[in-house]
Every structure is written in C-alpha cells, then in structure tokens.
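Engineer: So here's my_file_31.cif, just mmCIF, C-alpha atoms:
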data_run
loop_
_atom_site.label_atom_id
_atom_site.label_comp_id
_atom_site.auth_asym_id
_atom_site.auth_seq_id
_atom_site.Cartn_x
_atom_site.Cartn_y
_atom_site.Cartn_z
CA MET A 1 -5.34 -27.84 -3.41
CA ASP A 2 -1.88 -29.40 -3.50
CA ILE A 3 -0.12 -28.73 -0.17
CA THR A 4 3.37 -28.30 -1.70
CA TYR A 5 1.98 -25.81 -4.21
CA THR A 6 0.18 -23.72 -1.58
CA MET A 7 3.00 -23.88 0.96
CA ASN A 8 5.38 -22.41 -1.64
CA TYR A 9 3.26 -19.25 -1.76
CA VAL A 10 2.80 -19.13 2.03
CA GLY A 11 6.51 -19.74 2.59
CA ALA A 12 7.42 -16.98 0.12
CA GLY A 13 5.00 -14.60 1.86
CA TYR A 14 6.46 -15.26 5.31
CA ALA A 15 10.06 -15.13 4.03
CA ILE A 16 9.52 -11.76 2.31
CA THR A 17 7.77 -10.37 5.42
CA ILE A 18 10.59 -11.43 7.76
CA LEU A 19 13.21 -10.11 5.33
CA VAL A 20 11.56 -6.69 4.87
CA LEU A 21 10.90 -6.22 8.60
CA ALA A 22 14.44 -7.33 9.52
CA ILE A 23 16.02 -4.96 6.95
CA LEU A 24 13.87 -2.05 8.21
CA LEU A 25 14.79 -2.77 11.85
CA LEU A 26 18.52 -3.06 11.14
CA ALA A 27 18.56 0.01 8.88
CA SER A 28 16.69 2.06 11.50
CA TRP A 29 19.08 0.93 14.24
CA ARG A 30 22.13 1.75 12.08
CA GLN A 31 20.81 5.17 11.00
CA LYS A 32 19.95 6.04 14.61
CA SER A 33 23.42 5.03 15.86
CA LYS A 34 25.11 7.06 13.10
CA SER A 35 22.99 10.16 13.77
CA VAL A 36 23.56 10.02 17.53
CA GLN A 37 27.31 9.51 16.99
CA LYS A 38 27.42 12.47 14.61
CA PHE A 39 25.74 14.67 17.22
CA VAL A 40 28.13 13.53 19.98
CA ASP A 41 31.18 14.14 17.71
CA LEU A 42 29.94 17.60 16.72
CA GLU A 43 29.25 18.55 20.32
CA ASN A 44 32.73 17.37 21.40
CA THR A 45 34.31 19.39 18.56
CA GLN A 46 32.41 22.49 19.63
CA HIS A 47 33.44 22.00 23.27
CA SER A 48 37.09 21.63 22.34
CA LEU A 49 36.89 24.76 20.16
CA GLU A 50 35.35 26.76 23.00
CA THR A 51 37.94 25.71 25.58
CA MET B 1 -15.70 -21.31 1.25
CA ASP B 2 -12.64 -20.60 3.42
CA TYR B 3 -12.02 -24.27 4.27
CA ARG B 4 -11.22 -24.87 0.60
CA GLN B 5 -8.22 -22.57 0.91
CA GLY B 6 -6.51 -25.11 3.17
CA GLU B 7 -3.00 -24.04 4.17
CA MET B 8 -3.31 -20.89 2.05
CA VAL B 9 -5.33 -19.27 4.84
CA ARG B 10 -2.08 -18.88 6.81
CA MET B 11 -1.30 -15.91 4.57
CA MET B 12 -4.02 -14.05 6.48
CA TYR B 13 -1.77 -13.80 9.57
CA ILE B 14 0.67 -11.51 7.75
CA HIS B 15 -1.58 -9.92 5.12
CA VAL B 16 -4.29 -8.64 7.48
CA PRO B 17 -2.03 -7.12 10.22
CA ALA B 18 0.23 -5.54 7.57
CA SER B 19 -2.80 -3.99 5.84
CA TRP B 20 -4.32 -2.72 9.12
CA LEU B 21 -1.01 -1.22 10.19
CA ALA B 22 -0.54 0.42 6.76
CA LEU B 23 -3.93 2.13 7.17
CA GLY B 24 -3.44 2.85 10.89
CA VAL B 25 0.02 4.37 10.49
CA TYR B 26 -1.21 6.65 7.70
CA THR B 27 -4.16 7.80 9.83
CA LEU B 28 -1.79 8.47 12.74
CA MET B 29 0.52 10.46 10.43
CA ALA B 30 -2.42 12.50 9.10
CA GLY B 31 -3.50 13.29 12.70
CA LEU B 32 0.05 14.37 13.53
CA SER B 33 0.11 16.53 10.40
CA ALA B 34 -3.07 18.28 11.51
CA ILE B 35 -1.43 18.96 14.90
CA HIS B 36 1.66 20.24 13.08
CA LEU B 37 -0.29 22.58 10.82
CA ILE B 38 -2.78 23.87 13.43
CA TRP B 39 -0.55 24.24 16.50
CA LYS B 40 2.80 24.55 14.65
CA ASN B 41 4.15 21.66 16.69
CA PRO B 42 7.42 20.52 15.04
CA PHE B 43 7.59 17.33 17.14
CA ALA B 44 4.34 16.06 15.55
CA SER B 45 5.90 16.43 12.12
CA LEU B 46 9.05 14.69 13.36
CA ILE B 47 7.02 11.66 14.54
CA ALA B 48 5.13 11.57 11.21
CA LYS B 49 8.44 11.60 9.31
CA ALA B 50 9.78 8.80 11.54
CA ALA B 51 6.65 6.68 11.00
CA ALA B 52 6.53 7.05 7.19
CA PRO B 53 9.12 4.40 6.17
CA ILE B 54 7.48 1.89 8.53
CA GLY B 55 4.05 2.54 6.99
CA LEU B 56 5.58 2.25 3.52
CA CYS B 57 6.98 -1.20 4.40
CA PHE B 58 3.59 -2.34 5.78
CA ALA B 59 1.85 -1.16 2.60
CA LEU B 60 4.45 -2.99 0.50
CA LEU B 61 4.01 -6.18 2.56
CA SER B 62 0.23 -5.92 2.23
CA LEU B 63 0.51 -5.69 -1.58
CA VAL B 64 3.12 -8.46 -1.89
CA SER B 65 1.41 -10.91 0.50
CA GLY B 66 -1.97 -10.13 -1.13
CA SER B 67 -0.50 -10.86 -4.52
CA LEU B 68 1.00 -14.15 -3.28
CA TRP B 69 -2.40 -15.03 -1.81
CA GLY B 70 -4.25 -13.98 -4.96
CA LYS B 71 -2.34 -16.17 -7.40
CA PRO B 72 -3.38 -19.58 -6.01
CA THR B 73 -6.86 -18.50 -4.81
CA TRP B 74 -8.04 -16.05 -7.52
CA GLY B 75 -5.74 -17.33 -10.28
CA THR B 76 -4.08 -13.94 -10.76
CA TRP B 77 -1.30 -11.89 -9.15
CA TRP B 78 -3.09 -8.58 -9.64
CA VAL B 79 -6.43 -7.11 -10.73
CA TRP B 80 -7.32 -3.44 -10.99
CA ASP B 81 -10.19 -3.78 -8.53
CA ALA B 82 -11.12 -1.01 -6.09
CA ARG B 83 -9.46 -2.45 -2.94
CA LEU B 84 -6.17 -3.34 -4.62
CA THR B 85 -5.94 -0.08 -6.56
CA THR B 86 -6.68 2.13 -3.54
CA MET B 87 -4.09 0.17 -1.53
CA LEU B 88 -1.55 0.81 -4.31
CA ILE B 89 -2.45 4.53 -4.12
CA LEU B 90 -1.74 4.39 -0.36
CA PHE B 91 1.71 2.93 -1.13
CA PHE B 92 2.39 5.81 -3.56
CA LEU B 93 1.13 8.34 -0.99
CA TYR B 94 3.71 7.06 1.51
CA ALA B 95 6.45 7.15 -1.15
CA GLY B 96 5.35 10.62 -2.34
CA TYR B 97 5.38 11.96 1.23
CA LEU B 98 8.93 10.69 1.80
CA LEU B 99 10.12 12.22 -1.49
CA LEU B 100 8.32 15.52 -0.84
CA ILE B 101 9.66 16.21 2.66
CA ASN B 102 13.22 15.68 1.45
CA ALA B 103 12.79 17.70 -1.77
CA PHE B 104 13.14 21.15 -0.18
CA ASP B 105 16.31 22.93 0.96
CA ASN B 106 14.31 24.45 3.80
CA ILE B 107 13.18 21.49 5.97
CA TYR B 108 10.21 23.48 7.36
CA HIS B 109 8.78 23.97 3.87
CA GLY B 110 9.23 20.26 3.25
CA GLN B 111 7.44 19.40 6.49
CA GLN B 112 4.56 21.75 5.63
CA MET B 113 4.12 20.39 2.11
CA GLY B 114 4.33 16.83 3.46
CA SER B 115 1.67 17.58 6.08
CA ILE B 116 -0.68 18.98 3.41
CA LEU B 117 -0.15 15.88 1.24
CA LEU B 118 -0.92 13.61 4.22
CA LEU B 119 -4.13 15.48 4.98
CA VAL B 120 -5.31 15.33 1.37
CA GLY B 121 -4.34 11.67 1.11
CA VAL B 122 -6.26 10.69 4.25
CA LEU B 123 -9.41 10.77 2.08
CA ASN B 124 -8.11 7.53 0.59
CA ILE B 125 -8.39 5.69 3.95
CA PRO B 126 -12.23 5.42 4.14
CA ILE B 127 -12.26 4.67 0.40
CA ILE B 128 -9.92 1.68 1.03
CA LYS B 129 -12.04 0.52 4.00
CA PHE B 130 -15.41 0.73 2.24
CA SER B 131 -14.26 -0.06 -1.32
CA VAL B 132 -15.33 -3.69 -0.86
CA ASN B 133 -18.86 -2.54 0.06
CA TRP B 134 -19.25 0.29 -2.46
CA TRP B 135 -18.01 -1.60 -5.52
CA CYS B 136 -18.23 -5.17 -6.71
CA THR B 137 -14.67 -6.30 -6.02
CA LEU B 138 -12.75 -9.56 -6.27
CA HIS B 139 -11.46 -8.85 -2.77
CA GLN B 140 -13.70 -10.24 -0.03
CA PRO B 141 -15.72 -7.86 2.20
CA ALA B 142 -14.72 -7.13 5.83
CA SER B 143 -14.77 -10.12 8.21
CA LEU B 144 -13.80 -8.37 11.46
CA LEU B 145 -14.12 -4.58 11.30
CA LYS B 146 -17.87 -4.53 10.62
CA TRP B 147 -21.18 -4.31 12.45
CA GLY B 148 -22.18 -7.52 14.21
CA LYS B 149 -20.18 -10.60 15.12
CA PRO B 150 -16.85 -11.27 13.35
CA SER B 151 -17.20 -14.01 10.75
CA VAL B 152 -13.81 -15.50 11.66
CA HIS B 153 -13.71 -18.53 13.98
CA SER B 154 -11.93 -18.04 17.33
CA SER B 155 -9.32 -20.67 16.34
CA MET B 156 -8.16 -18.22 13.67
CA LEU B 157 -9.15 -14.99 15.41
CA VAL B 158 -6.84 -15.53 18.43
CA PRO B 159 -3.64 -16.07 16.37
CA LEU B 160 -4.65 -13.18 14.13
CA MET B 161 -4.94 -10.86 17.14
CA LEU B 162 -1.58 -12.15 18.44
CA MET B 163 0.02 -11.34 15.09
CA LEU B 164 -1.60 -7.90 15.17
CA ALA B 165 -0.12 -7.31 18.65
CA ALA B 166 3.30 -8.44 17.37
CA PHE B 167 3.08 -6.08 14.39
CA ILE B 168 2.07 -3.18 16.68
CA GLY B 169 4.98 -4.02 19.01
CA TYR B 170 7.37 -4.05 16.04
CA PHE B 171 5.96 -0.72 14.82
CA LEU B 172 6.46 0.93 18.23
CA LEU B 173 10.01 -0.42 18.53
CA VAL B 174 11.10 0.83 15.10
CA LEU B 175 9.19 4.09 15.60
CA ILE B 176 11.17 4.83 18.80
CA LEU B 177 14.45 4.11 16.96
CA ARG B 178 13.47 6.38 14.08
CA ILE B 179 12.30 9.19 16.40
CA GLU B 180 15.70 9.05 18.17
CA LYS B 181 17.39 9.25 14.74
CA GLU B 182 15.28 12.21 13.56
CA TRP B 183 15.78 13.96 16.91
CA ALA B 184 19.56 13.53 16.70
CA ASP B 185 19.52 14.81 13.08
CA GLN B 186 17.63 17.94 14.14
CA LYS B 187 20.08 18.56 17.00
CA VAL B 188 23.00 18.18 14.55
CA LYS B 189 21.40 20.73 12.20
CA ALA B 190 20.78 23.16 15.09
CA LEU B 191 24.38 22.75 16.27
CA GLN B 192 25.72 23.31 12.75
CA ILE B 193 23.69 26.52 12.42
CA ARG B 194 25.03 27.69 15.81
CA VAL B 195 28.61 26.96 14.71
CA ILE B 196 28.09 28.85 11.41
CA LYS B 197 26.54 31.86 13.23
CA GLY B 198 29.30 31.81 15.85
CA SER B 199 32.16 31.78 13.35
#
Turn this file's structure into structure tokens for me.
Structural biologist:
Amino acid sequence: MDITYTMNYVGAGYAITILVLAILLLASWRQKSKSVQKFVDLENTQHSLET
Amino acid sequence: MDYRQGEMVRMMYIHVPASWLALGVYTLMAGLSAIHLIWKNPFASLIAKAAAPIGLCFALLSLVSGSLWGKPTWGTWWVWDARLTTMLILFFLYAGYLLLINAFDNIYHGQQMGSILLLVGVLNIPIIKFSVNWWCTLHQPASLLKWGKPSVHSSMLVPLMLMLAAFIGYFLLVLILRIEKEWADQKVKALQIRVIKGS
C-alpha cells in the first residue's frame, strides 16, 4: 500500500482525535470556571443582601 | 494479514482505546444510574451526567477513526454490519441521554428518565462486544479481550496499553472538571431557590 496514501488517513485520524479531545477539555474547563464563578457571585450577592 | 496493513495499523492506537472507553464509560454510567434509582443517590446521577459528553466524544472518535481505517483497508467508509451499527446505536444512546436529562423543567424527573434510558441501553454493550462472534461481520473478531493469549504482538500491545492509560487519564481529568461544573450548577440552583423562598 502506498505510504503517502495510508499516512493521509492515519494523519486525519490523529488530527481529528487531538482536535475533539482538545475542544472537549477546553470546553469543560471553561464551563466549570463559569459555573464556579456564578456560584461565588451569587453567594457574595446573598451575603451583601443579608448584611 | 495484519502486516499487509503497513502504516495503517497505527490507527489502532486511537481506534481501540476510544472504543473501549466508549463502552466502559457507558457501563460506568449505567452502574451509577442503578445506584441512583435504587438508593436515590443524587451524586451518582451527577457523575453520570458529567461523564456523558466524554463518552459521546469517545463513541464519535471510535466511529470516525474506524471509518478512516475502513476506507483504505475494506474499501468503504461504512457498512451496516453488526459491530458498526451497534456502535452507532451507542452513539445515539449517549446523545439521547444528554437530550433527555435536559428536556424536563424538573431536573429530578430528567435524571430519573435518563437513568432508565441508560439501564435499558446497557443491553447494547454485550451485543457490541459479541456482535463479531454472533454474526458474520466485516469487522475483525476480538484480539485482546478474549479467552486465551492475545493475538497482538508485544511490540504493538505495549504502545496500545500506553495509549489506553493515556485515554483513561484524560477521561478522569475531564470527568473531575465536569463533576466540579455540575456540582457548582447544583449549588447555584439551590441558592436561587433559597433566595426565591426568602424573598
């Protein structure tokens, strides 16, 4: 089998894998940071309303 | 036969761990759903919800890498054979679970319905595993998870196990991030309810 031909498929497979896993990791990190920040903000608001 | 694949065999190092993790994550989620339904443990459902997008990505990667492997070796991107079709069903089960748990106004109803779907869908896991033995498929039979010695040479088995360890490490890392996110979301909801009740 022609090496250039096969390596195109292998390269595409690895590139897609890295891309999908990187997007999932970054999205999870961003969503987590936003959720934690939202909780901290809400708690601060409640504290200031109580005092 | 395998030596004729040449460089194409390198696809195995992403296709096999992604497929194993897709099956493993679903089984874990089904176990957590059983815990949620039997012992009414909300944390089990929270972990299952956090794990679902990761499992979905592994199922997607398994299908895409399998398709990219299939074209040069089988001469086709896709065939409706038992292994490929059941794997596609697993992908839809993940997607269906994610849609279902977010489809209800009451999150507890969503969690319950999602848990039931996971438990029904777990029947698909042994079908995926044994599909290559039960039916005559284009997909090759098991090389590692079978009785007797693995039919993969150690020069390929060691890197495969390393890739599996890397995939498991990645899964645990993202799972922890997603659990923290879900936990913070639940605390926000609880705080909002407290504020509404207090006002």
Engineer: Report as a list in words the full result of the PyMOL selection byres ((chain A) within 8 of (chain B)) when it is applied to this structure.
Structural biologist: Met1, Ile3, Thr6, Met7, Tyr9, Val10, Ala12, Gly13, Tyr14, Ile16, Thr17, Val20, Leu21, Leu24, Leu25, Ser28, Trp29, Gln31, Lys32, Ser33, Ser35, Val36, Lys38, Phe39, Leu42, Glu43 and Gln46 of chain A
Engineer: Restricted to C-alpha atoms, what would the selected residues look like written as an mmCIF file, keeping the file's coordinate frame?
Structural biologist:
data_model
loop_
_atom_site.group_PDB
_atom_site.id
_atom_site.type_symbol
_atom_site.label_atom_id
_atom_site.label_comp_id
_atom_site.auth_asym_id
_atom_site.auth_seq_id
_atom_site.Cartn_x
_atom_site.Cartn_y
_atom_site.Cartn_z
ATOM 1 C CA MET A 1 -5.340 -27.840 -3.410
ATOM 2 C CA ILE A 3 -0.120 -28.730 -0.170
ATOM 3 C CA THR A 6 0.180 -23.720 -1.580
ATOM 4 C CA MET A 7 3.000 -23.880 0.960
ATOM 5 C CA TYR A 9 3.260 -19.250 -1.760
ATOM 6 C CA VAL A 10 2.800 -19.130 2.030
ATOM 7 C CA ALA A 12 7.420 -16.980 0.120
ATOM 8 C CA GLY A 13 5.000 -14.600 1.860
ATOM 9 C CA TYR A 14 6.460 -15.260 5.310
ATOM 10 C CA ILE A 16 9.520 -11.760 2.310
ATOM 11 C CA THR A 17 7.770 -10.370 5.420
ATOM 12 C CA VAL A 20 11.560 -6.690 4.870
ATOM 13 C CA LEU A 21 10.900 -6.220 8.600
ATOM 14 C CA LEU A 24 13.870 -2.050 8.210
ATOM 15 C CA LEU A 25 14.790 -2.770 11.850
ATOM 16 C CA SER A 28 16.690 2.060 11.500
ATOM 17 C CA TRP A 29 19.080 0.930 14.240
ATOM 18 C CA GLN A 31 20.810 5.170 11.000
ATOM 19 C CA LYS A 32 19.950 6.040 14.610
ATOM 20 C CA SER A 33 23.420 5.030 15.860
ATOM 21 C CA SER A 35 22.990 10.160 13.770
ATOM 22 C CA VAL A 36 23.560 10.020 17.530
ATOM 23 C CA LYS A 38 27.420 12.470 14.610
ATOM 24 C CA PHE A 39 25.740 14.670 17.220
ATOM 25 C CA LEU A 42 29.940 17.600 16.720
ATOM 26 C CA GLU A 43 29.250 18.550 20.320
ATOM 27 C CA GLN A 46 32.410 22.490 19.630
#
Engineer: Figure out the distance between atom CA of Ala30 of chain B and atom CA of Val122 of chain B, please, to one decimal in Å.
Structural biologist: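 So the two atoms, atom CA of Val122 of chain B and atom CA of Ala30 of chain B, lie 6.4 Å apart.
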Engineer: With distances taken over only C-alpha atoms, which residue among B:Tyr26, B:Ser143, B:Ser131, B:Ile116 lies nearest Phe92 of chain B?
Structural biologist: B:Tyr26
Engineer: Figure out the distance between atom CA of Pro17 of chain B and atom CA of Cys136 of chain B, please, to one decimal in Å.
Structural biologist: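 Taking atom CA of Cys136 of chain B as the start and atom CA of Pro17 of chain B as the end point, the length is 23.5 Å.
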Engineer: Do you have the atom CA of Leu138 of chain B-atom CA of Met161 of chain B distance handy?
Structural biologist: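 Computing the Euclidean distance for atom CA of Leu138 of chain B and atom CA of Met161 of chain B yields 24.7 Å.
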Engineer: My list of candidates is B:Phe130, B:Tyr94, B:Trp74, B:Tyr108. Which is closest to Ala59 of chain B when distances are computed with all atoms listed in the file?
Structural biologist: B:Tyr94
Engineer: At a cut-off of 12 Å around the point (-7.1, 11.9, 1.8) (file coordinates), what residues fall inside when counting all atoms listed in the file? I'd like the answer as a VMD selection string.
Structural biologist: chain B and resid 23 26 to 27 29 to 31 86 89 to 90 93 to 94 115 to 128
Engineer: Would you list the contacts of Gln111 of chain B as a PyMOL selection string, taking every protein, DNA or RNA residue within 9 Å and counting all atoms listed in the file, but skipping same-chain residues closer than 3 positions in sequence?
Structural biologist: chain B and resi 33+36+42+45-46+49+100-102+104+106-108+114-116
Engineer: Hey, which of B:Leu160, B:Met113, B:Ile193, B:Ala166 ends up closest to Leu37 of chain B? Count all atoms listed in the file.
Structural biologist: B:Met113
Engineer: Which of these residues is nearest to Ala142 of chain B, using all atoms listed in the file: B:Lys197, B:His109, B:Arg83, B:Lys40?
Structural biologist: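 Distance minimum relative to Ala142 of chain B lands on B:Arg83.
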Engineer: Which is closer to Val132 of chain B than all the others in B:Ala82, B:Val25, B:Thr76, B:Ile196, using all atoms listed in the file?
Structural biologist: B:Ala82
